[in-house]
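First comes the structure, then the notes that go with it.
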Amino acid sequence: MLCVADILSELLSWAPPAIAWDRDNIGLLVGRRDASVSRVLLCLDVTPEVVSEAVREEAELIIAHHPIIFHPLKALRTDETRGAMLAELLRRNINVIALHTNADATRHGLNHILAQSLGLQEIEALDPVKGHLRVLSLRIRRSEGETIVLPALAGAEEQVEYDCRVIEDDWMRIDLRAPSWRTAEMRRKFGLRLADIPHSFSEYRIEDGLPDYGIGSIGTLPQEMKVQTFLASVKHALACRMLRVSPYRKDDTIRRIAVCSGAGSSCIPTAIAAGADALVTGDLTHHVFLDYQRAILLVDAGHYETEHLFIGLCAARLESAVFENNEKIDILQARTNTNPIWFE
Ligand SMILES: [Zn+2]
């Protein structure tokens, strides 16, 4: 049977911890790595109702977007909601994993699918992750580089960007560009193929951002759209009861759109600098609307509404995962509505 560690490593290979916000709290937050798992419940927030649902559904693992433990716990009191919930999870042997800003910022992560759900095209990261791009430089004889390494790169499942050139005495250098969390595995794989062949690796960091990874996304609508039409499509796509928006004129049109799931006020200057006509996000305050009303159209669709796509995204990721021995798990999407805000 699969265990928590198998599922965790699959999820973290998709949403690497290296790109999470440095003050975030992600990974396995309750339970143990070696616990067996046959049923998983996915949710945005762990609430007492979600815990009851996990108990009813006999799920051994909850995967949530928001960390159940975020601020340091100074007490664990079972006469308070969070303490009682943690005690219940431990009593019932239910494990909890959080995938938070790492799932927001990863390639094809939450921000990317949020942009896709609004019909945007040519989607890229709004603020590409910096400090994680590496060049893995392989020095090898030209003959073996051309017959072994280059064909392997051309046939690789996951595309790798590289340059190659011939250097002194018929040796060649192949420079592979990859995120920091992939280079150890690449060295290991090439090391196995090249076990009896003279070669050497060196690795260095480059400062460019990783284009597919980052907080927020930006893209373009297929054509210019009236603001009013765009807002109606946002409401429909994200199942919003209402939107809070900056003042606009009836004939205003937009095309380039930035998105940031959850609370995105910190993305506003980047969205403006990237030439966005509008930013779709959540949790904007009166003063934020006031300060930026002439610079960009702000669309506050709600924190929950811009993030609930996480559940389907995570389900799709787990459904397509191939575990050892083709082991399977049941993937359940929480039916409990955890939106803490109602509109009356
Ligand atoms: Zn959030």
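Going by the structure tokens order, chains are called A, B, ..., each with residues numbered from 1, while ligands are numbered from 1 in the order shown.
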Using only C-alpha atoms and all ligand atoms, find each protein or nucleic acid residue lying at most 9 Å from ligand 1; present the set as a ChimeraX atom specification. /A:44-45,65-66,100-101,261-263,282,303-304,306-307
Neighbours of Pro48 (chain A) within 12 Å (only C-alpha atoms; same-chain residues fewer than 3 positions away dropped), as a PyMOL selection string? chain A and resi 45+51-55+68+80-89+336-338
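Considering only C-alpha atoms, the residue among A:Asp163, A:Asp24, A:Asp79, A:Glu157 positioned nearest to Ala98 (chain A) is A:Asp24.
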Quick one: contact table of region 205-269 of chain A to region 116-124 of chain A, 9 Å max, nearest atom pair and distance in Å to one decimal per residue, counting only C-alpha atoms, chain and number order, as JSON lines?
```
{"residue": "A:Pro211", "atom": "CA", "partner": "A:Glu124", "partner_atom": "CA", "distance": 6.7}
{"residue": "A:Asp212", "atom": "CA", "partner": "A:Glu124", "partner_atom": "CA", "distance": 6.2}
{"residue": "A:Tyr213", "atom": "CA", "partner": "A:Glu124", "partner_atom": "CA", "distance": 8.3}
{"residue": "A:Gly214", "atom": "CA", "partner": "A:Glu124", "partner_atom": "CA", "distance": 8.7}
{"residue": "A:Gly216", "atom": "CA", "partner": "A:Glu124", "partner_atom": "CA", "distance": 8.7}
{"residue": "A:Ser217", "atom": "CA", "partner": "A:Glu124", "partner_atom": "CA", "distance": 5.5}
{"residue": "A:Ile218", "atom": "CA", "partner": "A:Ile123", "partner_atom": "CA", "distance": 5.5}
{"residue": "A:Gly219", "atom": "CA", "partner": "A:Ile123", "partner_atom": "CA", "distance": 4.4}
{"residue": "A:Thr220", "atom": "CA", "partner": "A:Leu120", "partner_atom": "CA", "distance": 5.1}
{"residue": "A:Leu221", "atom": "CA", "partner": "A:Leu120", "partner_atom": "CA", "distance": 4.9}
{"residue": "A:Pro222", "atom": "CA", "partner": "A:Gln121", "partner_atom": "CA", "distance": 6.8}
{"residue": "A:Phe230", "atom": "CA", "partner": "A:Leu118", "partner_atom": "CA", "distance": 8.7}
{"residue": "A:Ser233", "atom": "CA", "partner": "A:Leu118", "partner_atom": "CA", "distance": 7.2}
{"residue": "A:Val234", "atom": "CA", "partner": "A:Leu118", "partner_atom": "CA", "distance": 6.2}
{"residue": "A:Ala237", "atom": "CA", "partner": "A:Ser117", "partner_atom": "CA", "distance": 6.2}
{"residue": "A:Leu238", "atom": "CA", "partner": "A:Ser117", "partner_atom": "CA", "distance": 7.8}
{"residue": "A:Arg256", "atom": "CA", "partner": "A:Leu120", "partner_atom": "CA", "distance": 8.5}
{"residue": "A:Ile257", "atom": "CA", "partner": "A:Leu120", "partner_atom": "CA", "distance": 7.5}
```
Take the residues that were just selected and, keeping N, CA, C and O atoms, output them as a PDB file, in the first residue's frame.
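This is the output file again_4.pdb:
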```pdb
ATOM      1  N   PRO A 211      11.132  31.062 -16.095  1.00  0.00           N
ATOM      2  CA  PRO A 211       9.935  31.662 -16.708  1.00  0.00           C
ATOM      3  C   PRO A 211       8.621  30.965 -16.370  1.00  0.00           C
ATOM      4  O   PRO A 211       7.577  31.600 -16.367  1.00  0.00           O
ATOM      5  N   ASP A 212       8.656  29.652 -16.087  1.00  0.00           N
ATOM      6  CA  ASP A 212       7.387  28.949 -15.837  1.00  0.00           C
ATOM      7  C   ASP A 212       6.998  28.927 -14.371  1.00  0.00           C
ATOM      8  O   ASP A 212       5.984  28.337 -14.014  1.00  0.00           O
ATOM      9  N   TYR A 213       7.839  29.466 -13.500  1.00  0.00           N
ATOM     10  CA  TYR A 213       7.581  29.377 -12.061  1.00  0.00           C
ATOM     11  C   TYR A 213       7.526  30.786 -11.494  1.00  0.00           C
ATOM     12  O   TYR A 213       8.406  31.595 -11.770  1.00  0.00           O
ATOM     13  N   GLY A 214       6.515  31.067 -10.686  1.00  0.00           N
ATOM     14  CA  GLY A 214       6.494  32.386 -10.060  1.00  0.00           C
ATOM     15  C   GLY A 214       5.127  32.714  -9.506  1.00  0.00           C
ATOM     16  O   GLY A 214       4.124  32.096  -9.879  1.00  0.00           O
ATOM     17  N   GLY A 216       1.821  34.657  -9.273  1.00  0.00           N
ATOM     18  CA  GLY A 216       1.011  35.373 -10.247  1.00  0.00           C
ATOM     19  C   GLY A 216       1.286  34.894 -11.670  1.00  0.00           C
ATOM     20  O   GLY A 216       2.326  34.280 -11.934  1.00  0.00           O
ATOM     21  N   SER A 217       0.330  35.145 -12.550  1.00  0.00           N
ATOM     22  CA  SER A 217       0.518  34.840 -13.974  1.00  0.00           C
ATOM     23  C   SER A 217       0.023  36.026 -14.770  1.00  0.00           C
ATOM     24  O   SER A 217      -0.774  36.834 -14.263  1.00  0.00           O
ATOM     25  N   ILE A 218       0.482  36.101 -16.015  1.00  0.00           N
ATOM     26  CA  ILE A 218      -0.004  37.158 -16.904  1.00  0.00           C
ATOM     27  C   ILE A 218      -0.228  36.555 -18.285  1.00  0.00           C
ATOM     28  O   ILE A 218       0.496  35.643 -18.695  1.00  0.00           O
ATOM     29  N   GLY A 219      -1.266  37.037 -18.963  1.00  0.00           N
ATOM     30  CA  GLY A 219      -1.573  36.522 -20.300  1.00  0.00           C
ATOM     31  C   GLY A 219      -2.466  37.510 -21.022  1.00  0.00           C
ATOM     32  O   GLY A 219      -2.772  38.597 -20.494  1.00  0.00           O
ATOM     33  N   THR A 220      -2.886  37.128 -22.230  1.00  0.00           N
ATOM     34  CA  THR A 220      -3.733  38.051 -22.999  1.00  0.00           C
ATOM     35  C   THR A 220      -5.047  37.365 -23.365  1.00  0.00           C
ATOM     36  O   THR A 220      -5.096  36.159 -23.581  1.00  0.00           O
ATOM     37  N   LEU A 221      -6.083  38.173 -23.447  1.00  0.00           N
ATOM     38  CA  LEU A 221      -7.376  37.685 -23.934  1.00  0.00           C
ATOM     39  C   LEU A 221      -7.262  37.517 -25.450  1.00  0.00           C
ATOM     40  O   LEU A 221      -6.482  38.244 -26.086  1.00  0.00           O
ATOM     41  N   PRO A 222      -8.032  36.617 -26.048  1.00  0.00           N
ATOM     42  CA  PRO A 222      -7.932  36.418 -27.502  1.00  0.00           C
ATOM     43  C   PRO A 222      -8.176  37.715 -28.276  1.00  0.00           C
ATOM     44  O   PRO A 222      -7.625  37.909 -29.353  1.00  0.00           O
ATOM     45  N   PHE A 230     -15.772  41.348 -19.688  1.00  0.00           N
ATOM     46  CA  PHE A 230     -14.733  40.579 -18.989  1.00  0.00           C
ATOM     47  C   PHE A 230     -15.182  40.253 -17.564  1.00  0.00           C
ATOM     48  O   PHE A 230     -15.037  39.120 -17.097  1.00  0.00           O
ATOM     49  N   SER A 233     -17.478  37.446 -17.410  1.00  0.00           N
ATOM     50  CA  SER A 233     -16.841  36.141 -17.647  1.00  0.00           C
ATOM     51  C   SER A 233     -16.047  35.690 -16.414  1.00  0.00           C
ATOM     52  O   SER A 233     -15.980  34.503 -16.120  1.00  0.00           O
ATOM     53  N   VAL A 234     -15.474  36.641 -15.674  1.00  0.00           N
ATOM     54  CA  VAL A 234     -14.751  36.281 -14.443  1.00  0.00           C
ATOM     55  C   VAL A 234     -15.742  35.695 -13.431  1.00  0.00           C
ATOM     56  O   VAL A 234     -15.491  34.656 -12.806  1.00  0.00           O
ATOM     57  N   ALA A 237     -16.657  32.210 -14.581  1.00  0.00           N
ATOM     58  CA  ALA A 237     -15.563  31.225 -14.508  1.00  0.00           C
ATOM     59  C   ALA A 237     -15.242  30.838 -13.074  1.00  0.00           C
ATOM     60  O   ALA A 237     -14.911  29.686 -12.798  1.00  0.00           O
ATOM     61  N   LEU A 238     -15.315  31.796 -12.153  1.00  0.00           N
ATOM     62  CA  LEU A 238     -14.891  31.510 -10.775  1.00  0.00           C
ATOM     63  C   LEU A 238     -16.091  31.298  -9.840  1.00  0.00           C
ATOM     64  O   LEU A 238     -15.900  31.171  -8.630  1.00  0.00           O
ATOM     65  N   ARG A 256      -4.694  42.734 -21.767  1.00  0.00           N
ATOM     66  CA  ARG A 256      -3.613  42.039 -21.046  1.00  0.00           C
ATOM     67  C   ARG A 256      -4.009  41.950 -19.569  1.00  0.00           C
ATOM     68  O   ARG A 256      -4.270  42.982 -18.918  1.00  0.00           O
ATOM     69  N   ILE A 257      -4.048  40.712 -19.064  1.00  0.00           N
ATOM     70  CA  ILE A 257      -4.612  40.493 -17.728  1.00  0.00           C
ATOM     71  C   ILE A 257      -3.611  39.747 -16.840  1.00  0.00           C
ATOM     72  O   ILE A 257      -3.041  38.726 -17.253  1.00  0.00           O
TER      73      ILE A 257
END
```
Selected residue of minimal separation from Glu305 (chain A) among A:His286, A:Leu114, A:Leu210, A:Ser36, counting only C-alpha atoms: A:Leu114
8 Å contact set for Trp171 (chain A), only C-alpha atoms, chain neighbours under 5 positions out, as a list in words: Arg139, Ile140, Arg141, Arg142 and Val166 of chain A
Go ahead and write the selection's residues with N, CA, C and O atoms as a compact mmCIF listing (two decimals), in the first residue's frame.
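So result.txt came out as:
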```txt
# COMPACT_ATOMS: atom_id res chain seq x y z
N ARG A 139 31.14 18.03 -19.50
CA ARG A 139 32.28 18.00 -20.42
C ARG A 139 32.50 16.54 -20.79
O ARG A 139 32.62 15.68 -19.90
N ILE A 140 32.52 16.27 -22.09
CA ILE A 140 32.59 14.88 -22.55
C ILE A 140 33.26 14.86 -23.92
O ILE A 140 33.25 15.88 -24.62
N ARG A 141 33.81 13.69 -24.31
CA ARG A 141 34.40 13.62 -25.67
C ARG A 141 33.29 13.81 -26.70
O ARG A 141 32.16 13.35 -26.48
N ARG A 142 33.67 14.47 -27.81
CA ARG A 142 32.66 14.84 -28.81
C ARG A 142 31.89 13.61 -29.31
O ARG A 142 30.66 13.62 -29.44
N VAL A 166 31.86 22.52 -29.32
CA VAL A 166 33.08 21.71 -29.29
C VAL A 166 34.18 22.56 -28.68
O VAL A 166 34.32 23.75 -29.02
```
Write down as a ChimeraX atom specification the residues belonging to region 38-149 of chain A that are assigned strand (DSSP E) by DSSP computed on the backbone. /A:39-43,61-64,95-98,121-129,133-141
